[in-house]
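What follows is one structure encoded as C-alpha cells, with my remarks underneath.
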Number of protein chains: 2
Amino acid sequence: MSSCNYKRTVIHSTEMFEIVSIEWNNSDLSDFHDHGPSQCMIKVENGTFENHLDLGYKTELQIIETGQVLSTPVGAKHKMRCLTQAGKTLHVYSPRIKDNPDEARFYIPSLSKFCQEINLSDASEFGNLLNLLDQVRNHSISVHSPYFMNQLFSGISPLTLLAQRVISETKATLATYEASPALTAIESEVIEALGELIGWPKNHRDGVVVPGGSAANFMAIHCSRHKSEPAIKTAGLRGERFRIFVSKEAHYSFKKASAVLGLGTDSIVSVAVDSSGCMNTSELKALIEDSRKDSTPLMVVATAGTTVRGAFDPIHEIADICQEHNIWLHVDGAWGGPALFTSQLKNLVSGIERADSVAFDAHKLFGADLTCSFFLTKHKDLLLCANDVSGGEYLFHQADVCLDRGKLSWQCGRSADALSFWTIWKSLGTKGLGQFVDELISLRNQTLSWMIDRPRLQLISMPTYLNICVRVIPPDGQVDIDWSKRVRESLRESNLAMVNYSHDDNGTFLRLILAHPFLKFEHIQKILQHALAVK
Amino acid sequence: MSSCNYKRTVIHSTEMFEIVSIEWNNSDLSDFHDHGPSQCMIKVENGTFENHLDLGYKTELQIIETGQVLSTPVGAKHKMRCLTQAGKTLHVYSPRIKDNPDEARFYIPSLSKFCQEINLSDASEFGNLLNLLDQVRNHSISVHSPYFMNQLFSGISPLTLLAQRVISETKATLATYEASPALTAIESEVIEALGELIGWPKNHRDGVVVPGGSAANFMAIHCSRHKSEPAIKTAGLRGERFRIFVSKEAHYSFKKASAVLGLGTDSIVSVAVDSSGCMNTSELKALIEDSRKDSTPLMVVATAGTTVRGAFDPIHEIADICQEHNIWLHVDGAWGGPALFTSQLKNLVSGIERADSVAFDAHKLFGADLTCSFFLTKHKDLLLCANDVSGGEYLFHQADVCLDRGKLSWQCGRSADALSFWTIWKSLGTKGLGQFVDELISLRNQTLSWMIDRPRLQLISMPTYLNICVRVIPPDGQVDIDWSKRVRESLRESNLAMVNYSHDDNGTFLRLILAHPFLKFEHIQKILQHALAVK
C-alpha cells in the first residue's frame with residue numbers, strides 16, 4: 001500500500017455499502033483493493049487499468065478502459081494497477097464475508113442468549129431480522145477461514161456463491177424437464193463429463209445428483225440389488241442374505257444404508273487394511289469365498305480416499321476379484337474422486353473405469369455448495385428401472401422419459417445442485433482443477449518436510465492424499481492417549497483453528513485436511529507450532 | 001409517479017449498478033421506488049422519510065431519518081414518502097430478478113445452442129462465466145412470476161434469498177453440533193415449533209430435516225418399521241410382509257420408498273376415495289382386516305392436501321382405525337401442512353396430534369428454498385435408534401448424542417435448509433403465515449365465484465384448499481379429452497402462464513395452484529380468460 005500514490009475520497013460510507021472515488025497518479029500495482037472478500041463494482045471514469053482477480057482456485061488478468069465496469073463476486077480478492085499516466089475510478093463495495101483472522105470463530109462457548117432470540121411465534125421487523133441473521137453468522141464456525149480444517153471441505157468459493165444465487169432464483173426442481181430445462185441440461189452435462197473422466201464408454205454413462213455422499217453410497221447398494229434381483233422392487237426382500245464388502249476404514253454410511261434398505265447392518269462385511277489403511281485384497285477374497293456358504297456377495301466397495309487417512313484401496317486388484325465372482329464394484333470417491341483430475345494422482349484411482357458405480361462429492365475438495373454429490377453408473381437405464389414407479393402421471397409429461405430426471409431418483413423435487421460444481425468446473429477447466437489439487441499436494445509435501453525435524457509430530461502413516469494424520473507427543477515425551485485431543489481443543493478454544501481428531505489403538509491423533517483454495521504453508525505451520533507449544 | 005415532484009440525478013449507471021441522488025420537494029407518497037425487485041440501499045442525507053417495504057407475504061412501515069440507511073433485499077418492492085418539507089436521498093441499485101411479465105418464460109423452445117456452450121473441459125474467463133450464468137437464467141422457467149402455477153410452489157421470496165446466502169456462506173453441515181452450533185439450534189427450534197403446532201406434548205416432539213417431501217415419507221416408513229421390528233436394523237428383512245395403506249390419490253413417493261426400503265411396491269395398498277378425493281375409511285377398514293390374513297399392517301397414510309386435488313383425508317376417523325389396530329399413522333402434510341397455521345383451515349387437519357409422524361414441506365406453499373422438508377415424529381429417540389450406527393467416532397464427539405443431529409438421519413453432511421423456513425416464519429410469525437394462507441383462500445373463493453357464470457370451466461370437485469382443478473370445455477361444446485392439455489400448451493407457448501394438467505376418466509383438466517406471495521385475482525382471471533379463448 002505504501003507504494004501507492006493515489007487520492008481516495010470516500011463519497012459515502014455506511015455499514016451496508018461504501019462508495020469511493022480514487023484518482024490514480026502512478027502506475028504501480030496497488031494492493032489497496034485487497035480489501036477482503038467483499039463484492040465490489042468498479043467503473044473506470046478515466047484511464048486504462050489492469051485488474052488481477054483472485055478467485056482462490058485461480059487468478060485472472062483483465063484490462064479495463066474508460067467507461068468500462070467490472071465486478072467481483074463476494075469471496076474474491078483483487079489488485080489493480082493504473083496503466084496510464086493518471087486515472088480515475090469509482091468503487092462500490094457491499095458487505096463482505098467476515099474472513100479477518102481476528103474475527104474467526106472455531107468455538108462457540110454458549111448459545112443460551114441466541115437460543116432465546118431465535119424462538120418462533122411472533123413476527124419480527126425486517127431490520128431486526130437482518131440483525132438475527134447476522135447473529136446466525138456470528139454464532140457459526142468460520143468455514144471460510146484457511147484455519148478451518150475440521151471437515152473434508154474448507155473455504156467459501158465466490159464461484160459457489162454466484163451459482164447458489166442462480167439456483168435459488170430459478171428454483172428449478174430437477175424432477176421434470178419442462179420445469180427446469182436449462183438445469184436439466186447442466187446436470188446431464190456434469191454427469192456426462194464425470195463419466196468421461198472415469199473412462200466409461202460414451203453410451204455407458206449415467207447418473208443422478210443425490211443429497212450427499214452417504215446418499216450416493218446408498219444408491220449404489222440399491223442399484224446393485226436391483227440389478228441382481230429385480231423382483232425385489234415389487235415383491236420386497238424374501239429373506240435373501242446379501243453381503244457387502246467394505247474396508248475397515250470405509251465410511252459409516254454403508255452401515256446406515258444397509259439398515260434403511262432392509263438388508264441389515266449384518267450384511268456389511270469389514271475387510272482388514274494394511275498399515276497405510278488400504279484394503280487387504282487377500283482377506284477380501286477369503287471373506288467372499290467364505291460368505292458364499294450362506295449368503296450372496298452383492299457388492300465390493302473400493303474407497304478412493306478414506307475419511308480419516310485418505311487411503312486409496314487398490315481398484316484394479318479389487319476389480320479382478322469382482323470380475324471373477326461377478327460382484328458389483330462400487331468406488332466411493334466422495335473425498336478422493338478429485339484424483340481423477342490430475343496426472344500426478346491418477347494412478348491412485350487406476351482401474352476406476354472398471355467400476356459399476358462411483359460416488360463423487362463436489363462439495364468436499366472442490367468447494368461446491370453443500371451438498372453437491374453425484375451417483376454415477378455405467379449401467380445405462382438401471383437408475384430408471386430401479387426407481388421409476390407409476391403414479392406420477394400428473395407430473396411427468398415427456399415422451400422421452402430420460403429427459404425427466406426425477407424418474408432416475410427416489411426423490412421427487414430436487415435442488416439444482418449440479419450448477420454449483422458446473423460453475424467451478426467451467427471456470428477452471430479440468431486442467432485448472434487438477435492444478436488446484438497439485439498445489440495442495442505441494443503444500444502437503446512442504447508440511448511433511450517441515451515435520452521431519454520435529455519428532456514430537458508423529459505421522460500415523462505416510463499420506464498419499466490431502467489428509468495429514470499426526471499424533472502430538474506431549475512436551476515431556478510421556479504417553480498420553482488424549483494429548484492430541486487436548487491440542488485440538490486448545491486450537492479451538494484459542495480461536496486459532498479447527499482441526500478434527502480421531503484415534504487408533506495408541507490413542508488420539510489430529511487429522512489436518514488440506515482443502516482451502518487460499519491455503520498457504522504459513523497457516524499449517526502456525527497450527528503445528530501451536531500444537532507443539534501446548535503445555 | 002405523476003404525483004411526485006422531485007429531482008432525480010443519476011450519478012452513475014451501468015448494467016451492474018446505478019447510483020442515484022434524489023432531492024424531494026413535497027411529501028406525496030411516491031411510487032417511484034416501485035422499481036421491480038432489485039436490491040437497493042438508501043441513505044437519507046437530509047429529511048425524514050416513510051418507507052413501505054413489500055415482502056410479498058407482508059408489508060412493513062419504516063421511518064428513516066437523516067444519516068440513516070435502509071436496505072431492501074432482492075425480490076422485495078417498496079415505496080417511499082418524504083415527511084419533511086424537503087429531503088435528499090442517495091440510492092444504490094444492484095441487479096434485480098427479471099420479473100417483468102414481458103420477460104417471463106414458460107416455454108423454452110430449444111436448448112441446442114445453450115447445450116453447446118455449457119460443455120465442460122476448457123476454462124472460461126470470469127466475464128464469460130457471468131454471461132453463461134445469465135444464459136442459465138434466460139433458459140429457465142420464470143418461477144418468480146405470479147403466472148407460474150405449475151408446481152406446488154410459486155414465487156421467489158426475498159426472505160428466502162437472504163437465508164440462502166447465510167446457508168451458503170456458513171456452509172454449516174448439520175451432522176455435528178461443533179461444526180454448526182447456530183444452525184443446529186435453528187433446526188431444533190423449527191422442529192420444536194412445528195411439533196407444538198401439531199399439538200404433540202412438549203417431550204414428544206422430534207424430527208429431522210430431510211431432502212424433500214418424498215424423503216420425509218420415506219423416513220416415515222423406515223421409522224414405523226423400526227418401531228415395529230427393531231431387529232430388522234441389524235438382521236435385515238426376513239420375509240416379513242408389511243402393508244402400507246394410502247389413498248388412491250396419495251403421492252407416488254410411497255411406492256418409490258417401499259421399493260428402495262426392500263418392502264416392495266406390492267406392500268402399498270391403495271384405498272378408494274370419495275368424489276372429493278378423500279380416503280374412504282370403510283374401505284380402509286376392510287382392507288386392513290383383509291390384509292391380516294397374510295401380512296402385517298404397518299402404516300396408514302392420511303394425506304393432508306393431495307397433489308392433484310388438494311383433498312384432505314379424515315384424520316380423526318383414520319386415527320380411530322389405527323388406534324384400534326395398533327398401526328402407525330403418518331400424515332403427509334407436504335402440501336397441506338400450512339392449514340395448521342390458520343383457524344379457518346385447521347379443521348382440515350383436525351386429529352393430526354394423534355399422528356405418529358408428519359411430513360411438512362416449507363418449500364411448497366411457504367416459499368422456502370428448495371428443498372426445505374421436515375420429518376416430524378412424536379416418538380422421541382426413535383430417529384436416533386433407527387438411524388445411528390457405529391463407525392462415525394471420527395466425527396461425533398458430543399457427550400449429549402442428541403446435539404449431533406447427523407445421528408438422527410441416514411445422511412451425513414446435510415445442508416442447513418431449516419434456516420430458510422425459520423427466516424420466513426420469524427419474519428411473519430405464526431399469525432402472518434396464517435393470514436397469507438387466508439388471503440390465498442379468499443382469492444380462490446373470488447375465482448370460484450367468477451367461474452359460476454362460465455359453464456365452459458367445469459370444476460372437477462369443489463376445492464377445499466389451494467388447488468383449483470378445472471376442465472375446459474371446447475368452444476363448440478363437444479367432448480375433447482385432450483382440450484385442457486391443449487389449453488395448457490397454448491398458455492405456455494404464448495408465454496402467458498405455466499399451469500400443470502392431470503386427467504381423470506373423462507379426460508385432461510387444468511390444475512391451478514394458488515401459492516405466489518404477490519398473486520392477484522387479475523392474474524388468475526387472465527389465465528382463465530385465455531383458456532376460454534383458445535380455439
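Residues are referred to by chain and number: the chain letter is A, B, ... according to the order shown in the C-alpha cells, the number counts from 1 in that chain, and ligands are numbered separately from 1 in the order shown.
Look at His204 (chain B): the protein and nucleic acid residues within 7 Å of it, using only C-alpha atoms and passing over chain neighbours fewer than 6 places away, are B:Lys378, B:His379, B:Lys380.
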Filtering to N, CA, C and O atoms, could you give me those residues as an mmCIF file, in the first residue's frame?
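Heads up, here's the output in again-v8.cif:
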data_model
loop_
_atom_site.group_PDB
_atom_site.id
_atom_site.type_symbol
_atom_site.label_atom_id
_atom_site.label_comp_id
_atom_site.auth_asym_id
_atom_site.auth_seq_id
_atom_site.Cartn_x
_atom_site.Cartn_y
_atom_site.Cartn_z
ATOM 1 N N LYS B 378 -43.628 -38.018 16.985
ATOM 2 C CA LYS B 378 -43.839 -37.832 18.424
ATOM 3 C C LYS B 378 -43.113 -38.903 19.232
ATOM 4 O O LYS B 378 -43.198 -38.900 20.458
ATOM 5 N N HIS B 379 -42.407 -39.794 18.547
ATOM 6 C CA HIS B 379 -41.663 -40.833 19.268
ATOM 7 C C HIS B 379 -40.230 -40.376 19.476
ATOM 8 O O HIS B 379 -39.370 -40.556 18.605
ATOM 9 N N LYS B 380 -40.002 -39.770 20.621
ATOM 10 C CA LYS B 380 -38.679 -39.265 20.972
ATOM 11 C C LYS B 380 -37.668 -40.422 20.910
ATOM 12 O O LYS B 380 -37.960 -41.526 21.344
#
Kindly determine which residues of chain B lie within 6 Å of chain A, considering only C-alpha atoms, and give the answer as a ChimeraX atom specification.
/B:120-124,136,139-140,180,182,214,232-239,252,256,259,261-266,370,391-392,394,410-411,415,426-430,502
As a PyMOL selection string, please: all residues of region 48-131 of chain A that backbone DSSP puts in strand (DSSP E).
chain A and resi 49-54+59-64+69-72+77-82+87-96
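CA of Gly207 (chain A) to CA of Phe341 (chain A) spans 18.8 Å [interatomic distance, one decimal].
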From region 280-344 of chain A, collect each residue whose DSSP state is alpha helix (DSSP H) and return the set as a PyMOL selection string.
chain A and resi 281-291+315-325
Output N, CA, C and O atoms for every residue in that selection, as a PDB file, in the first residue's frame.
ATOM      1  N   THR A 281      -6.504 -57.271  -0.018  1.00  0.00           N
ATOM      2  CA  THR A 281      -7.313 -57.993  -1.014  1.00  0.00           C
ATOM      3  C   THR A 281      -7.281 -59.513  -0.815  1.00  0.00           C
ATOM      4  O   THR A 281      -8.197 -60.208  -1.257  1.00  0.00           O
ATOM      5  N   SER A 282      -6.252 -60.023  -0.159  1.00  0.00           N
ATOM      6  CA  SER A 282      -6.250 -61.471   0.139  1.00  0.00           C
ATOM      7  C   SER A 282      -7.387 -61.773   1.111  1.00  0.00           C
ATOM      8  O   SER A 282      -8.125 -62.754   0.938  1.00  0.00           O
ATOM      9  N   GLU A 283      -7.514 -60.913   2.112  1.00  0.00           N
ATOM     10  CA  GLU A 283      -8.614 -61.139   3.062  1.00  0.00           C
ATOM     11  C   GLU A 283      -9.966 -60.961   2.369  1.00  0.00           C
ATOM     12  O   GLU A 283     -10.914 -61.696   2.642  1.00  0.00           O
ATOM     13  N   LEU A 284     -10.033 -59.997   1.460  1.00  0.00           N
ATOM     14  CA  LEU A 284     -11.293 -59.799   0.719  1.00  0.00           C
ATOM     15  C   LEU A 284     -11.706 -61.089   0.018  1.00  0.00           C
ATOM     16  O   LEU A 284     -12.839 -61.550   0.138  1.00  0.00           O
ATOM     17  N   LYS A 285     -10.734 -61.672  -0.704  1.00  0.00           N
ATOM     18  CA  LYS A 285     -11.001 -62.926  -1.423  1.00  0.00           C
ATOM     19  C   LYS A 285     -11.532 -63.996  -0.492  1.00  0.00           C
ATOM     20  O   LYS A 285     -12.539 -64.660  -0.757  1.00  0.00           O
ATOM     21  N   ALA A 286     -10.823 -64.167   0.624  1.00  0.00           N
ATOM     22  CA  ALA A 286     -11.205 -65.207   1.591  1.00  0.00           C
ATOM     23  C   ALA A 286     -12.606 -64.952   2.150  1.00  0.00           C
ATOM     24  O   ALA A 286     -13.419 -65.883   2.262  1.00  0.00           O
ATOM     25  N   LEU A 287     -12.900 -63.708   2.456  1.00  0.00           N
ATOM     26  CA  LEU A 287     -14.211 -63.383   3.030  1.00  0.00           C
ATOM     27  C   LEU A 287     -15.337 -63.598   2.019  1.00  0.00           C
ATOM     28  O   LEU A 287     -16.422 -64.062   2.374  1.00  0.00           O
ATOM     29  N   ILE A 288     -15.071 -63.270   0.757  1.00  0.00           N
ATOM     30  CA  ILE A 288     -16.083 -63.505  -0.280  1.00  0.00           C
ATOM     31  C   ILE A 288     -16.368 -65.000  -0.384  1.00  0.00           C
ATOM     32  O   ILE A 288     -17.529 -65.441  -0.392  1.00  0.00           O
ATOM     33  N   GLU A 289     -15.295 -65.782  -0.462  1.00  0.00           N
ATOM     34  CA  GLU A 289     -15.480 -67.232  -0.604  1.00  0.00           C
ATOM     35  C   GLU A 289     -16.228 -67.807   0.603  1.00  0.00           C
ATOM     36  O   GLU A 289     -17.130 -68.626   0.459  1.00  0.00           O
ATOM     37  N   ASP A 290     -15.836 -67.342   1.766  1.00  0.00           N
ATOM     38  CA  ASP A 290     -16.479 -67.806   2.994  1.00  0.00           C
ATOM     39  C   ASP A 290     -17.972 -67.449   3.029  1.00  0.00           C
ATOM     40  O   ASP A 290     -18.808 -68.253   3.450  1.00  0.00           O
ATOM     41  N   SER A 291     -18.293 -66.251   2.526  1.00  0.00           N
ATOM     42  CA  SER A 291     -19.679 -65.774   2.603  1.00  0.00           C
ATOM     43  C   SER A 291     -20.616 -66.590   1.728  1.00  0.00           C
ATOM     44  O   SER A 291     -21.816 -66.648   1.967  1.00  0.00           O
ATOM     45  N   ILE A 315      -7.844 -50.453  -6.714  1.00  0.00           N
ATOM     46  CA  ILE A 315      -9.055 -50.721  -7.504  1.00  0.00           C
ATOM     47  C   ILE A 315      -8.867 -51.879  -8.483  1.00  0.00           C
ATOM     48  O   ILE A 315      -9.732 -52.742  -8.604  1.00  0.00           O
ATOM     49  N   HIS A 316      -7.720 -51.924  -9.186  1.00  0.00           N
ATOM     50  CA  HIS A 316      -7.522 -52.994 -10.181  1.00  0.00           C
ATOM     51  C   HIS A 316      -7.603 -54.380  -9.535  1.00  0.00           C
ATOM     52  O   HIS A 316      -8.287 -55.273 -10.043  1.00  0.00           O
ATOM     53  N   GLU A 317      -6.919 -54.528  -8.418  1.00  0.00           N
ATOM     54  CA  GLU A 317      -6.945 -55.844  -7.734  1.00  0.00           C
ATOM     55  C   GLU A 317      -8.364 -56.210  -7.306  1.00  0.00           C
ATOM     56  O   GLU A 317      -8.793 -57.352  -7.450  1.00  0.00           O
ATOM     57  N   ILE A 318      -9.077 -55.205  -6.796  1.00  0.00           N
ATOM     58  CA  ILE A 318     -10.451 -55.466  -6.344  1.00  0.00           C
ATOM     59  C   ILE A 318     -11.351 -55.761  -7.542  1.00  0.00           C
ATOM     60  O   ILE A 318     -12.207 -56.658  -7.493  1.00  0.00           O
ATOM     61  N   ALA A 319     -11.117 -55.042  -8.643  1.00  0.00           N
ATOM     62  CA  ALA A 319     -11.921 -55.266  -9.855  1.00  0.00           C
ATOM     63  C   ALA A 319     -11.713 -56.683 -10.386  1.00  0.00           C
ATOM     64  O   ALA A 319     -12.663 -57.327 -10.860  1.00  0.00           O
ATOM     65  N   ASP A 320     -10.464 -57.175 -10.299  1.00  0.00           N
ATOM     66  CA  ASP A 320     -10.205 -58.554 -10.737  1.00  0.00           C
ATOM     67  C   ASP A 320     -11.045 -59.541  -9.930  1.00  0.00           C
ATOM     68  O   ASP A 320     -11.656 -60.459 -10.482  1.00  0.00           O
ATOM     69  N   ILE A 321     -11.086 -59.314  -8.625  1.00  0.00           N
ATOM     70  CA  ILE A 321     -11.851 -60.217  -7.746  1.00  0.00           C
ATOM     71  C   ILE A 321     -13.349 -60.113  -8.053  1.00  0.00           C
ATOM     72  O   ILE A 321     -14.051 -61.124  -8.147  1.00  0.00           O
ATOM     73  N   CYS A 322     -13.836 -58.892  -8.241  1.00  0.00           N
ATOM     74  CA  CYS A 322     -15.261 -58.700  -8.561  1.00  0.00           C
ATOM     75  C   CYS A 322     -15.610 -59.375  -9.881  1.00  0.00           C
ATOM     76  O   CYS A 322     -16.678 -59.987 -10.012  1.00  0.00           O
ATOM     77  N   GLN A 323     -14.712 -59.241 -10.850  1.00  0.00           N
ATOM     78  CA  GLN A 323     -14.947 -59.837 -12.164  1.00  0.00           C
ATOM     79  C   GLN A 323     -15.036 -61.356 -12.042  1.00  0.00           C
ATOM     80  O   GLN A 323     -15.950 -61.981 -12.579  1.00  0.00           O
ATOM     81  N   GLU A 324     -14.120 -61.916 -11.302  1.00  0.00           N
ATOM     82  CA  GLU A 324     -14.080 -63.377 -11.131  1.00  0.00           C
ATOM     83  C   GLU A 324     -15.361 -63.880 -10.469  1.00  0.00           C
ATOM     84  O   GLU A 324     -15.898 -64.910 -10.861  1.00  0.00           O
ATOM     85  N   HIS A 325     -15.849 -63.119  -9.475  1.00  0.00           N
ATOM     86  CA  HIS A 325     -17.029 -63.569  -8.725  1.00  0.00           C
ATOM     87  C   HIS A 325     -18.327 -62.936  -9.211  1.00  0.00           C
ATOM     88  O   HIS A 325     -19.382 -63.166  -8.611  1.00  0.00           O
TER      89      HIS A 325
END
So that I can see what lies close to Gln435 (chain A), please list as a count of residues only the residues with an atom at most 12 Å from it, counting only C-alpha atoms and leaving out residues fewer than 5 positions away in the same chain.
18
